[in-house]
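This is entry_37.cif (mmCIF, C-alpha atoms).
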```cif
data_upload
loop_
_atom_site.label_atom_id
_atom_site.label_comp_id
_atom_site.auth_asym_id
_atom_site.auth_seq_id
_atom_site.Cartn_x
_atom_site.Cartn_y
_atom_site.Cartn_z
CA MET X 74 146.84 98.55 143.69
CA ARG X 75 144.87 96.22 141.39
CA LYS X 76 141.81 98.26 142.05
CA LYS X 77 143.65 101.42 141.03
CA ILE X 78 144.87 99.81 137.79
CA PHE X 79 141.37 98.61 137.07
CA VAL X 80 139.91 102.08 137.57
CA ILE X 81 142.59 103.71 135.38
CA VAL X 82 142.05 101.17 132.56
CA LEU X 83 138.31 101.68 132.78
CA ILE X 84 138.64 105.47 132.58
CA VAL X 85 140.97 105.21 129.55
CA PHE X 86 138.50 102.98 127.70
CA ILE X 87 135.55 105.16 128.50
CA GLY X 88 137.59 108.09 127.21
CA ILE X 89 138.38 106.28 123.95
CA VAL X 90 134.73 105.35 123.48
CA PHE X 91 133.70 108.94 124.16
CA LEU X 92 136.20 110.32 121.64
CA LEU X 93 135.28 107.76 118.99
CA PHE X 94 131.54 108.28 119.12
CA LEU X 95 131.01 111.80 120.29
CA GLY X 96 134.03 113.91 119.57
CA GLY X 97 135.13 112.95 116.07
CA ASP X 98 133.07 114.50 113.33
CA LYS X 99 131.20 117.53 114.60
CA LYS X 100 131.22 120.46 112.27
CA LYS X 101 129.98 123.59 113.98
CA PRO X 102 129.66 126.91 112.24
CA VAL X 103 132.34 128.49 114.41
CA LYS X 104 134.75 131.20 113.32
CA GLN X 105 138.41 130.59 114.10
CA THR X 106 141.79 132.16 113.30
CA ALA X 107 142.37 134.53 110.38
CA PRO X 108 142.50 132.60 107.08
CA THR X 109 144.28 132.96 103.77
CA PRO X 110 142.56 132.51 100.38
CA ILE X 111 141.90 128.89 99.37
CA PRO X 112 142.47 127.73 95.77
CA ILE X 113 139.27 126.36 94.19
CA PRO X 114 139.43 122.57 94.60
CA SER X 115 137.95 120.01 92.23
CA ASP X 116 136.83 118.00 95.25
CA PHE X 117 133.38 119.22 96.24
CA ASP X 118 133.82 117.86 99.76
CA LYS X 119 136.56 120.36 100.58
CA ASN X 120 135.90 123.86 101.88
CA TYR X 121 136.97 126.40 99.25
CA SER X 122 135.80 129.71 100.70
CA ASN X 123 136.53 131.94 103.70
CA PHE X 124 133.32 133.96 103.58
CA ASN X 125 132.53 132.78 107.11
CA TYR X 126 135.32 135.07 108.31
CA LEU X 127 133.70 138.21 106.87
CA SER X 128 132.10 140.64 109.32
CA PRO X 129 129.28 142.53 107.57
CA GLY X 130 129.17 146.10 108.81
CA LYS X 131 132.91 146.04 109.53
CA SER X 132 134.83 144.26 106.76
CA THR X 133 136.15 146.48 103.96
CA TYR X 134 137.14 145.69 100.37
CA ASN X 135 140.74 145.14 101.50
CA ASP X 136 139.54 142.74 104.21
CA VAL X 137 137.55 140.78 101.64
CA VAL X 138 140.54 140.48 99.30
CA SER X 139 142.84 139.60 102.17
CA ILE X 140 140.50 136.86 103.39
CA ASN X 141 139.28 135.44 100.11
CA GLY X 142 141.62 136.66 97.37
CA LYS X 143 140.89 138.81 94.34
CA PRO X 144 137.33 138.54 93.02
CA LYS X 145 136.45 137.13 89.62
CA THR X 146 134.52 140.30 88.79
CA SER X 147 133.95 143.65 90.43
CA SER X 148 131.20 146.03 89.39
CA ALA X 149 130.14 149.33 90.87
CA PHE X 150 126.59 150.70 91.15
CA GLY X 151 126.75 154.15 92.71
CA LYS X 152 128.21 153.67 96.17
CA LYS X 153 127.63 149.93 96.00
CA THR X 154 130.14 147.40 94.74
CA LYS X 155 129.42 143.78 93.85
CA LEU X 156 132.22 141.23 93.89
CA THR X 157 131.84 137.72 92.52
CA TYR X 158 133.96 134.69 93.33
CA LEU X 159 134.35 131.33 91.65
CA THR X 160 132.97 128.15 93.18
CA PRO X 161 133.82 124.52 92.31
CA ASN X 162 130.75 124.47 90.01
CA GLN X 163 130.63 127.04 87.22
CA ASP X 164 126.84 127.18 87.61
CA TYR X 165 127.25 129.20 90.78
CA GLU X 166 129.15 132.31 91.88
CA ASN X 167 129.63 133.63 95.38
CA LEU X 168 128.76 137.25 95.97
CA VAL X 169 129.93 140.07 98.23
CA VAL X 170 128.07 143.40 98.29
CA LEU X 171 129.76 146.47 99.74
CA ASP X 172 128.23 149.84 100.41
CA ASN X 173 130.65 152.73 100.97
CA ASN X 174 133.51 150.22 101.14
CA THR X 175 131.85 148.18 103.90
CA VAL X 176 130.39 144.70 103.41
CA THR X 177 126.60 144.77 103.74
CA TYR X 178 125.98 141.14 102.82
CA ALA X 179 127.65 138.16 101.19
CA TYR X 180 126.68 134.63 100.28
CA GLU X 181 128.64 131.51 99.50
CA TYR X 182 127.51 128.25 97.93
CA VAL X 183 128.15 125.09 99.91
CA PHE X 184 128.69 121.68 98.31
CA SER X 185 129.19 119.44 101.32
CA THR X 186 128.76 119.51 105.10
CA TYR X 187 131.82 121.61 105.96
CA ARG X 188 129.60 124.52 107.09
CA GLY X 189 127.52 122.28 109.33
CA VAL X 190 123.91 121.25 108.88
CA LEU X 191 120.63 123.12 109.33
CA SER X 192 119.81 121.60 112.71
CA GLU X 193 123.04 123.01 114.13
CA TYR X 194 122.15 126.52 112.95
CA LEU X 195 118.65 126.19 114.42
CA LYS X 196 120.13 125.06 117.71
CA THR X 197 122.69 127.87 117.76
CA TYR X 198 120.62 130.79 116.48
CA GLY X 199 117.01 129.93 117.42
CA ASN X 200 113.84 130.52 115.42
CA PRO X 201 114.44 131.67 111.85
CA LEU X 202 112.42 133.69 109.36
CA LYS X 203 111.45 131.13 106.70
CA LEU X 204 111.75 132.36 103.12
CA TYR X 205 111.58 130.73 99.69
CA SER X 206 113.86 130.94 96.70
CA LYS X 207 112.49 132.34 93.44
CA ASP X 208 115.03 130.15 91.65
CA PRO X 209 113.29 126.93 90.55
CA ASP X 210 116.46 125.02 91.50
CA GLY X 211 116.70 126.77 94.86
CA PHE X 212 115.77 125.53 98.31
CA ASP X 213 114.10 127.00 101.37
CA TRP X 214 115.88 129.68 103.39
CA TYR X 215 116.20 130.08 107.14
CA ILE X 216 117.12 133.64 108.12
CA PHE X 217 118.36 134.46 111.62
CA LEU X 218 117.76 138.21 111.51
CA GLY X 219 119.30 139.11 114.86
CA SER X 220 122.43 137.07 114.25
CA GLY X 221 123.10 138.27 110.71
CA ILE X 222 123.21 134.81 109.21
CA GLY X 223 120.94 132.79 106.94
CA VAL X 224 121.15 129.39 105.32
CA GLU X 225 119.56 127.78 102.30
CA ALA X 226 118.97 124.13 103.06
CA ALA X 227 117.16 120.99 101.97
CA ASP X 228 116.67 117.95 104.18
CA ASN X 229 119.09 119.40 106.75
CA LEU X 230 121.87 119.85 104.14
CA VAL X 231 123.07 123.44 103.86
CA THR X 232 123.57 124.62 100.27
CA ARG X 233 124.24 128.33 100.74
CA VAL X 234 125.14 130.62 103.63
CA LEU X 235 124.24 134.30 103.75
CA TYR X 236 126.10 136.73 106.00
CA PHE X 237 124.62 140.18 106.64
CA ILE X 238 124.37 143.03 109.11
CA PRO X 239 121.78 142.07 111.77
CA GLN X 240 118.53 143.92 111.05
CA ASP X 241 114.75 143.68 111.29
CA LYS X 242 112.51 141.85 108.87
CA ASN X 243 111.32 144.88 106.91
CA SER X 244 114.84 146.08 106.34
CA PHE X 245 116.00 142.59 105.33
CA MET X 246 113.14 142.09 102.89
CA THR X 247 113.80 145.48 101.29
CA ASN X 248 117.58 145.52 101.23
CA ILE X 249 118.65 141.90 100.83
CA ALA X 250 115.83 139.44 100.13
CA LYS X 251 114.87 141.18 96.90
CA ASP X 252 118.46 141.18 95.59
CA VAL X 253 119.08 137.55 96.54
CA GLY X 254 115.74 136.42 95.05
CA LEU X 255 113.92 135.40 98.22
CA SER X 256 110.18 135.51 98.76
CA GLU X 257 107.77 134.95 101.61
CA THR X 258 105.71 132.61 99.44
CA PRO X 259 106.93 129.52 97.56
CA ILE X 260 106.97 129.49 93.77
CA GLU X 261 104.33 127.44 92.05
CA GLU X 262 105.55 124.30 90.35
CA ILE X 263 103.96 122.78 87.28
CA GLY X 264 103.55 119.23 86.13
CA GLU X 265 105.14 117.46 83.22
CA PRO X 266 103.31 115.67 80.45
CA PHE X 267 104.63 112.42 79.06
CA MET H 130 140.20 90.40 140.53
CA ARG H 131 142.74 90.14 137.69
CA ASN H 132 140.39 87.85 135.78
CA ILE H 133 137.57 90.31 136.13
CA THR H 134 139.80 93.12 134.86
CA VAL H 135 140.85 91.07 131.83
CA ILE H 136 137.24 90.17 131.06
CA ILE H 137 136.18 93.81 131.25
CA ILE H 138 139.07 94.90 129.02
CA LEU H 139 138.23 92.20 126.48
CA PHE H 140 134.57 93.14 126.56
CA LEU H 141 135.29 96.83 126.01
CA SER H 142 137.78 96.05 123.22
CA PHE H 143 135.24 93.85 121.49
CA PHE H 144 132.58 96.54 121.81
CA ILE H 145 134.85 99.22 120.32
CA LEU H 146 135.98 97.00 117.44
CA ALA H 147 132.44 95.87 116.64
CA ALA H 148 131.09 99.40 116.70
CA SER H 149 133.92 100.71 114.52
CA ALA H 150 133.42 97.85 112.05
CA SER H 151 129.70 98.50 111.75
CA ALA H 152 130.33 102.22 111.24
CA PHE H 153 132.74 101.30 108.47
CA VAL H 154 130.21 98.98 106.84
CA ILE H 155 127.49 101.65 106.97
CA GLU H 156 129.86 104.19 105.45
CA THR H 157 130.81 101.73 102.73
CA VAL H 158 127.23 100.93 101.77
CA ILE H 159 125.78 104.43 102.00
CA GLY H 160 128.81 106.41 100.88
CA ASN H 161 129.94 104.28 97.97
CA PRO H 162 127.11 101.99 97.01
CA THR H 163 128.34 99.66 94.34
CA GLY H 164 127.56 96.02 93.66
CA GLU H 165 124.34 94.25 92.88
CA GLY H 166 121.07 96.04 92.40
CA LEU H 167 117.77 95.36 94.11
CA PRO H 168 116.64 91.71 93.96
CA ARG H 169 113.11 91.54 92.57
CA CYS H 170 110.52 91.33 95.30
CA THR H 171 109.24 87.77 95.65
CA THR H 172 105.85 88.84 97.01
CA LEU H 173 105.03 91.37 94.31
CA ASP H 174 101.88 89.54 93.20
CA ALA H 175 100.43 89.25 96.68
CA ASN H 176 101.68 92.43 98.31
CA PRO H 177 102.78 95.15 95.86
CA ARG H 178 102.48 97.96 98.44
CA GLY H 179 104.72 96.02 100.81
CA CYS H 180 107.31 95.48 98.07
CA LEU H 181 107.39 99.19 97.26
CA SER H 182 107.63 100.12 100.91
CA ASN H 183 110.12 97.49 102.05
CA ASP H 184 112.40 97.43 99.01
CA LEU H 185 112.30 101.07 97.96
CA ASN H 186 110.93 103.05 100.92
CA ILE H 187 108.13 104.33 98.66
CA THR H 188 104.56 104.76 99.82
CA VAL H 189 101.59 105.25 97.49
CA THR H 190 98.41 107.20 98.14
CA GLY H 191 95.23 107.51 96.11
CA SER H 192 93.17 104.96 94.26
CA PHE H 193 95.97 103.11 92.46
CA THR H 194 94.98 99.51 91.74
CA ASP H 195 97.26 96.63 92.71
CA ASP H 196 98.18 96.24 89.03
CA GLN H 197 99.19 99.89 88.88
CA ILE H 198 101.22 99.57 92.06
CA ARG H 199 103.00 96.54 90.60
CA SER H 200 103.67 98.62 87.51
CA ILE H 201 105.07 101.46 89.66
CA TYR H 202 107.33 98.93 91.37
CA ASN H 203 108.49 97.63 87.98
CA ASP H 204 109.18 101.16 86.70
CA PHE H 205 111.59 101.72 89.59
CA TRP H 206 112.92 98.17 89.69
CA ARG H 207 113.98 98.39 86.04
CA VAL H 208 116.65 100.82 87.24
CA ALA H 209 117.13 99.95 90.93
CA GLY H 210 117.47 96.29 89.93
CA LYS H 211 120.62 97.14 87.98
CA SER H 212 122.13 99.90 90.07
CA ARG H 213 122.63 99.55 93.80
CA ALA H 214 123.70 103.23 93.94
CA TYR H 215 120.39 104.40 92.45
CA TRP H 216 118.51 102.02 94.74
CA GLU H 217 120.27 103.46 97.79
CA LEU H 218 119.52 107.02 96.68
CA LEU H 219 115.86 106.17 96.24
CA LYS H 220 115.67 104.51 99.65
CA GLU H 221 117.34 107.49 101.30
CA ALA H 222 114.93 109.91 99.64
CA GLY H 223 111.88 107.74 100.40
CA PRO H 224 109.37 109.60 98.22
CA SER H 225 105.65 109.01 98.19
CA VAL H 226 103.82 108.52 94.90
CA ASN H 227 100.46 110.25 95.07
CA GLU H 228 97.55 110.16 92.67
CA ASP H 229 96.58 113.74 91.82
CA ASN H 230 93.95 114.32 89.16
CA SER H 231 93.98 118.09 89.60
CA LEU H 232 97.15 118.68 87.60
CA PRO H 233 96.94 120.91 84.51
CA GLY H 234 96.27 119.47 81.09
CA GLU H 235 94.73 116.18 80.13
CA GLY H 236 96.26 112.74 80.30
CA CYS H 237 99.50 111.86 81.99
CA PHE H 238 100.99 114.65 84.08
CA ALA H 239 103.36 114.60 87.01
CA LYS H 240 105.10 116.97 89.38
CA VAL H 241 107.37 116.78 92.40
CA GLU H 242 106.78 118.84 95.52
CA ASN H 243 108.70 118.58 98.76
CA GLY H 244 110.40 115.45 97.52
CA ASN H 245 107.16 113.62 96.73
CA ILE H 246 105.71 112.66 93.35
CA TYR H 247 102.19 113.62 92.23
CA ILE H 248 100.83 111.91 89.15
CA GLN H 249 97.73 112.12 87.00
CA ALA H 250 96.45 109.39 84.66
CA TYR H 251 99.26 106.99 85.48
CA ASN H 252 97.89 104.44 82.98
CA LYS H 253 98.68 106.83 80.14
CA CYS H 254 102.25 107.54 81.30
CA SER H 255 105.49 106.27 79.84
CA ASP H 256 107.29 103.70 81.98
CA THR H 257 110.19 106.14 82.21
CA LEU H 258 108.18 108.96 83.79
CA LEU H 259 108.80 107.94 87.37
CA ILE H 260 112.55 107.67 86.78
CA HIS H 261 112.58 111.24 85.44
CA GLU H 262 110.58 112.35 88.48
CA SER H 263 113.00 110.53 90.78
CA GLY H 264 115.62 112.94 89.43
CA HIS H 265 113.48 115.80 90.71
CA VAL H 266 113.09 113.98 94.03
CA PHE H 267 116.87 113.76 94.42
CA ALA H 268 117.24 117.39 93.36
CA GLY H 269 114.43 118.58 95.64
CA LYS H 270 115.92 116.83 98.63
CA ASN H 271 119.44 117.81 97.63
CA SER H 272 120.37 114.13 97.95
CA ARG H 273 124.13 113.99 98.45
CA TYR H 274 124.39 117.51 96.96
CA LEU H 275 123.88 115.94 93.51
CA ILE H 276 121.98 118.80 91.90
CA ARG H 277 124.46 121.36 93.24
CA ARG H 278 127.36 119.36 91.83
CA PHE H 279 125.74 118.65 88.45
CA PRO H 280 127.93 120.53 85.92
CA TYR H 281 125.21 122.12 83.80
CA GLU H 282 127.18 125.20 82.65
CA ASP H 283 130.55 123.42 82.56
CA GLU H 284 129.64 120.33 80.60
CA ILE H 285 125.99 119.75 79.80
CA LYS H 286 124.99 123.03 78.17
CA ASN H 287 127.79 122.79 75.61
CA SER H 288 127.28 119.15 74.68
CA GLY H 289 126.35 119.94 71.09
CA ALA H 290 123.19 119.89 69.00
CA ALA H 291 122.93 116.11 68.97
CA CYS H 292 122.25 116.22 72.71
CA VAL H 293 121.19 119.71 73.72
CA GLU H 294 119.22 122.42 72.00
CA ASP H 295 117.27 125.52 72.80
CA ARG H 296 114.68 125.28 70.05
CA CYS H 297 111.14 125.87 71.31
CA ASN H 298 112.17 128.21 74.06
CA ASN H 299 113.76 131.48 75.00
CA GLY H 300 117.39 130.56 74.58
CA HIS H 301 117.85 128.09 77.40
CA ALA H 302 119.60 124.84 76.56
CA PHE H 303 117.97 121.58 77.61
CA ILE H 304 118.78 117.95 76.96
CA LYS H 305 116.46 117.77 74.03
CA THR H 306 114.27 114.82 74.92
CA TYR H 307 112.68 117.11 77.51
CA SER H 308 109.15 118.07 76.54
CA LEU H 309 108.39 121.39 78.18
CA ARG H 310 111.31 123.46 76.96
CA ASP H 311 109.00 126.21 75.80
CA LYS H 312 107.81 126.76 79.37
CA SER H 313 111.19 127.73 80.79
CA CYS H 314 112.10 131.12 82.14
CA ASP H 315 114.48 132.98 84.38
CA SER H 316 113.26 133.86 87.79
CA THR H 317 114.45 137.42 87.35
CA SER H 318 113.71 138.18 83.70
CA ASN H 319 110.63 136.96 81.95
CA PRO H 320 110.96 137.44 78.20
CA TYR H 321 107.94 135.30 77.29
CA PRO H 322 105.47 135.86 80.12
CA GLU H 323 102.66 134.10 78.29
CA LYS H 324 104.72 130.92 78.09
CA CYS H 325 106.98 131.24 81.08
CA THR H 326 106.24 128.95 84.00
CA PHE H 327 108.33 128.88 87.13
CA GLY H 328 109.59 125.44 88.00
CA VAL H 329 110.82 124.55 84.52
CA SER H 330 114.52 125.06 84.90
CA PRO H 331 117.07 124.14 82.22
CA LYS H 332 119.40 122.78 84.89
CA GLY H 333 116.79 120.92 86.94
CA GLU H 334 115.07 119.40 83.92
CA SER H 335 118.33 118.49 82.24
CA PHE H 336 119.38 116.75 85.45
CA ALA H 337 116.16 114.72 85.56
CA GLU H 338 116.35 114.05 81.84
CA ALA H 339 120.01 113.02 82.04
CA LEU H 340 119.05 110.59 84.76
CA VAL H 341 116.24 108.90 82.84
CA ASP H 342 118.03 109.02 79.48
CA TYR H 343 121.03 107.27 81.04
CA THR H 344 118.90 104.16 81.39
CA THR H 345 118.35 104.12 77.60
CA PRO H 346 121.85 104.47 76.17
CA GLY H 347 120.87 103.89 72.53
CA ARG H 348 118.26 105.78 70.54
CA ILE H 349 115.68 107.64 72.60
CA GLY H 350 112.54 108.67 70.77
CA ARG H 351 110.35 111.67 71.50
CA ARG H 352 108.76 111.46 74.91
CA SER H 353 105.69 113.34 73.82
CA SER H 354 104.21 113.93 70.42
CA THR H 355 102.54 117.17 71.40
CA TYR H 356 105.37 119.03 73.09
CA CYS H 357 108.99 119.95 72.37
CA SER H 358 110.61 116.58 72.93
CA VAL H 359 113.10 115.58 70.21
CA ALA H 360 114.76 112.20 69.71
CA ILE H 361 118.42 111.61 70.58
CA GLU H 362 120.00 109.13 68.17
CA ASN H 363 122.61 107.64 70.48
CA TYR H 364 122.46 108.92 74.01
CA LYS H 365 125.71 107.39 75.24
CA SER H 366 127.81 109.02 72.51
CA ASP H 367 125.71 112.12 71.77
CA CYS H 368 125.42 113.14 75.44
CA LYS H 369 128.71 111.71 76.64
CA ASN H 370 129.31 114.31 79.38
CA ALA H 371 125.91 113.82 80.94
CA TYR H 372 126.24 110.07 80.51
CA ALA H 373 129.61 109.90 82.26
CA TRP H 374 128.50 112.17 85.10
CA MET H 375 125.39 110.13 85.80
CA ARG H 376 127.32 106.88 85.58
CA ASP H 377 129.85 108.06 88.15
CA ASN H 378 127.65 110.08 90.50
CA VAL H 379 124.21 108.50 90.44
CA PHE H 380 124.47 104.94 89.14
CA GLY H 381 127.68 103.80 90.85
CA GLY H 382 129.17 102.65 87.55
CA ALA H 383 126.26 100.36 86.59
CA GLU H 384 125.35 100.59 82.91
CA PHE H 385 122.19 99.60 81.06
#
```

Can the structure in the file be given as structure tokens, please?
Amino acid sequence: MRKKIFVIVLIVFIGIVFLLFLGGDKKKPVKQTAPTPIPIPSDFDKNYSNFNYLSPGKSTYNDVVSINGKPKTSSAFGKKTKLTYLTPNQDYENLVVLDNNTVTYAYEYVFSTYRGVLSEYLKTYGNPLKLYSKDPDGFDWYIFLGSGIGVEAADNLVTRVLYFIPQDKNSFMTNIAKDVGLSETPIEEIGEPF
Amino acid sequence: MRNITVIIILFLSFFILAASASAFVIETVIGNPTGEGLPRCTTLDANPRGCLSNDLNITVTGSFTDDQIRSIYNDFWRVAGKSRAYWELLKEAGPSVNEDNSLPGEGCFAKVENGNIYIQAYNKCSDTLLIHESGHVFAGKNSRYLIRRFPYEDEIKNSGAACVEDRCNNGHAFIKTYSLRDKSCDSTSNPYPEKCTFGVSPKGESFAEALVDYTTPGRIGRRSSTYCSVAIENYKSDCKNAYAWMRDNVFGGAEF
């Protein structure tokens, strides 16, 4: 009897230790149930966007509005439509691009770790295509062509996530990289005189 | 048997409590670093490289003399000694300071690449240069998402002519002590190709400038006599948005 109690107590404690140290704070880039639009928070640590629920190649304009609310702006270029969305920092806007009423790609800015960290994406999606931002304030990009996802990251912190229709490198460089401002070579930085 | 069970339970309880407490302490120090700044290194005379490495997680490469390394330590300590938050950021980033005499121009020049600082003619540099560059280090490493949260469009750009101006350039607003405003450009449009140099961003440079200017809350003179730097008469009141943001997000409330 005492032995049974001992074993039960031991299992409970091991369980608590396991939950405390392994189970608590993992943030994986996993899609879950259908969302509703989130008001823009002033707290940068909170998720404010549902772009991770978009399905490029399938989602339509109505899906985008249903998932993320009405856009800040909408502009048409031939068959293409660009939608912009507010972020918690006015310096940045999220973007959705539709072609023939179907999402071709979208990106969202990330201000905390709620979309996971770079190492998790590398573990989940494998070897990326490494690209560089033409924006002097931008960071390096890791594009997972076959999975239709890319992340901008610095020191493992993800700062932007790109969702697109899976495609090969040539197609990506022609159709998306140019629009987003990504290059295969890093920009040259200059020094500062004092 | 009962005694053994009790001992095991007590041991496990102690382990869980101790581990939770240390996690809390780490979170408190790293996540909200307030309190005293860095105590001055007591072995600076004998071992300046060790002081930089142990206190600030900074390594130096190149032919810096011991006097120059002490001076580098003092440049950082002037700020880290007053702000534990800045000190913690610097330690987390752990940049190297590298001598690089191949930079453009003559005299003091510096740049940041991959979170590390490259510097030319350090002897001719202002003692605030490295603090400005530390802003680029934090931005380049996206330390705590600071650069992405910095409210350039919302608050800094519209701070008024006493703080920000776009003279000398193509319409971009910078905190006006910044020297190389005439070198700025968009990555997509390039209205002044002969002047435009990628890497000079109004947001990135204003972030670095806001960081270094914060440590001089009164009058800040021109940083360079040969470039577009302009004095700010009273930084704390003239650039109050940038001042408040840096105080709350970078310096943990410490003021100079």

Kindly extract all protein, DNA and RNA residues lying within 9 Å of the coordinates (132.4, 135.8, 102.7) given in the file, considering all atoms listed in the file, and supply them as a list in words.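 Every polymer residue passing the test: Ser122, Asn123, Phe124, Asn125, Tyr126, Leu127, Ser128, Pro129, Val137, Ile140, Asn141, Asn167, Leu168, Val169, Tyr178, Ala179, Tyr180, Glu181, Val234, Leu235 and Tyr236 of chain X.
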
Saved selection, atoms kept: C-alpha atoms, as an mmCIF file, in the frame of the given file:
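Result saved to again-v1.cif:
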```cif
data_model
loop_
_atom_site.group_PDB
_atom_site.id
_atom_site.type_symbol
_atom_site.label_atom_id
_atom_site.label_comp_id
_atom_site.auth_asym_id
_atom_site.auth_seq_id
_atom_site.Cartn_x
_atom_site.Cartn_y
_atom_site.Cartn_z
ATOM 1 C CA SER X 122 135.800 129.710 100.700
ATOM 2 C CA ASN X 123 136.530 131.940 103.700
ATOM 3 C CA PHE X 124 133.320 133.960 103.580
ATOM 4 C CA ASN X 125 132.530 132.780 107.110
ATOM 5 C CA TYR X 126 135.320 135.070 108.310
ATOM 6 C CA LEU X 127 133.700 138.210 106.870
ATOM 7 C CA SER X 128 132.100 140.640 109.320
ATOM 8 C CA PRO X 129 129.280 142.530 107.570
ATOM 9 C CA VAL X 137 137.550 140.780 101.640
ATOM 10 C CA ILE X 140 140.500 136.860 103.390
ATOM 11 C CA ASN X 141 139.280 135.440 100.110
ATOM 12 C CA ASN X 167 129.630 133.630 95.380
ATOM 13 C CA LEU X 168 128.760 137.250 95.970
ATOM 14 C CA VAL X 169 129.930 140.070 98.230
ATOM 15 C CA TYR X 178 125.980 141.140 102.820
ATOM 16 C CA ALA X 179 127.650 138.160 101.190
ATOM 17 C CA TYR X 180 126.680 134.630 100.280
ATOM 18 C CA GLU X 181 128.640 131.510 99.500
ATOM 19 C CA VAL X 234 125.140 130.620 103.630
ATOM 20 C CA LEU X 235 124.240 134.300 103.750
ATOM 21 C CA TYR X 236 126.100 136.730 106.000
#
```

Find the distance between atom CA of X:Ser220 and atom CA of X:Leu204 and write it in Å to one decimal. 16.1 Å

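Checking H:Ala373, H:Leu173, H:Ala291, H:Ala383 one by one against H:Arg348, counting only C-alpha atoms, you find the shortest gap at H:Ala291.
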
Would you please work out which residue, of H:Ser200, H:Asn176, H:Asn271, H:Thr257, is nearest to H:Ala222 when using all atoms listed in the file?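 Between H:Ser200, H:Asn176, H:Asn271, H:Thr257, the residue approaching H:Ala222 most closely is H:Asn271.
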
Can you tell me how far atom CA of X:Arg188 sits from atom CA of X:Thr232, in Å to one decimal?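 Distance reported for this atom pair: 9.1 Å.
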
Do a neighbour search on stretch 251-261 of chain X at 6 Å with all atoms listed in the file, toss out local chain neighbours closer than 5 positions, and write the hits as a PDB file with C-alpha atoms, in the coordinates of the input.
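Written output follows (selection.pdb):
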```pdb
ATOM      1  CA  LEU X 204     111.750 132.360 103.120  1.00  0.00           C
ATOM      2  CA  TYR X 205     111.580 130.730  99.690  1.00  0.00           C
ATOM      3  CA  SER X 206     113.860 130.940  96.700  1.00  0.00           C
ATOM      4  CA  LYS X 207     112.490 132.340  93.440  1.00  0.00           C
TER       5      LYS X 207
END
```

Report as a ChimeraX atom specification the full result of the PyMOL selection byres ((chain H and resi 220) around 10) when it is applied to this structure. /H:182-187,209,214-219,221-224

Closest of X:Pro209, X:Gly223, X:Pro239, X:Pro201 to chain H, counting only C-alpha atoms, is X:Pro209

Between atom CA of X:Asp228 and atom CA of X:Ser185, what distance in Å does the model show, to one decimal?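 So the two atoms, atom CA of X:Asp228 and atom CA of X:Ser185, lie 12.9 Å apart.
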
Give as a count of residues only the residues that the PyMOL selection byres ((chain X and resi 173) around 7) matches when applied to the coordinates above. 6

Using all atoms listed in the file, collect all residues at a distance of at most 8 Å from (111.1, 114.5, 97.3) as written in the file, then present them as an MDAnalysis selection string. chainID H and resid 222:225 241:246 263 265:270

Compile a residue-level contact table for stretch 205-306 of chain H against stretch 337-343 of chain H at a cut-off of 12 Å, reporting for every qualifying residue the shortest atom pair and its distance in Å to one decimal, with all atoms listed in the file counted, rows ordered by chain and ascending number, as a Markdown table.
```
| residue | atom | partner | partner_atom | distance |
| --- | --- | --- | --- | --- |
| H:Phe205 | CA | H:Val341 | CA | 10.9 |
| H:Arg207 | CA | H:Val341 | CA | 11.2 |
| H:Val208 | CA | H:Val341 | CA | 9.2 |
| H:Ser212 | CA | H:Tyr343 | CA | 11.7 |
| H:Tyr215 | CA | H:Leu340 | CA | 10.0 |
| H:Lys240 | CA | H:Ala337 | CA | 11.9 |
| H:Val241 | CA | H:Ala337 | CA | 11.3 |
| H:Ser255 | CA | H:Val341 | CA | 11.5 |
| H:Asp256 | CA | H:Val341 | CA | 10.4 |
| H:Thr257 | CA | H:Val341 | CA | 6.7 |
| H:Leu258 | CA | H:Val341 | CA | 8.1 |
| H:Leu259 | CA | H:Val341 | CA | 8.8 |
| H:Ile260 | CA | H:Val341 | CA | 5.5 |
| H:His261 | CA | H:Ala337 | CA | 5.0 |
| H:Glu262 | CA | H:Ala337 | CA | 6.7 |
| H:Ser263 | CA | H:Ala337 | CA | 7.4 |
| H:Gly264 | CA | H:Ala337 | CA | 4.3 |
| H:His265 | CA | H:Ala337 | CA | 5.9 |
| H:Val266 | CA | H:Ala337 | CA | 9.0 |
| H:Phe267 | CA | H:Ala337 | CA | 8.9 |
| H:Ala268 | CA | H:Ala337 | CA | 8.3 |
| H:Gly269 | CA | H:Ala337 | CA | 10.9 |
| H:Leu275 | CA | H:Ala337 | CA | 11.1 |
| H:Ile276 | CA | H:Ala337 | CA | 9.5 |
| H:Phe279 | CA | H:Ala339 | CA | 10.3 |
| H:Pro280 | CA | H:Ala339 | CA | 11.6 |
| H:Tyr281 | CA | H:Ala339 | CA | 10.6 |
| H:Ile285 | CA | H:Ala339 | CA | 9.3 |
| H:Lys286 | CA | H:Ala339 | CA | 11.8 |
| H:Cys292 | CA | H:Ala339 | CA | 10.1 |
| H:Val293 | CA | H:Ala339 | CA | 10.7 |
| H:Phe303 | CA | H:Glu338 | CA | 8.8 |
| H:Ile304 | CA | H:Glu338 | CA | 6.7 |
| H:Lys305 | CA | H:Glu338 | CA | 8.7 |
| H:Thr306 | CA | H:Glu338 | CA | 7.3 |
```

If you count all atoms listed in the file, which residues fall within 7 Å of H:Gly350, apart from same-chain ones fewer than 2 positions away, as a list of chain:residue names? H:Arg348, H:Arg352, H:Val359, H:Ala360, H:Ile361

Pick out the closest residue to H:Ser272 from this set: H:Val379, H:Val189, H:Cys237, H:Ala371. Count all atoms listed in the file. H:Val379
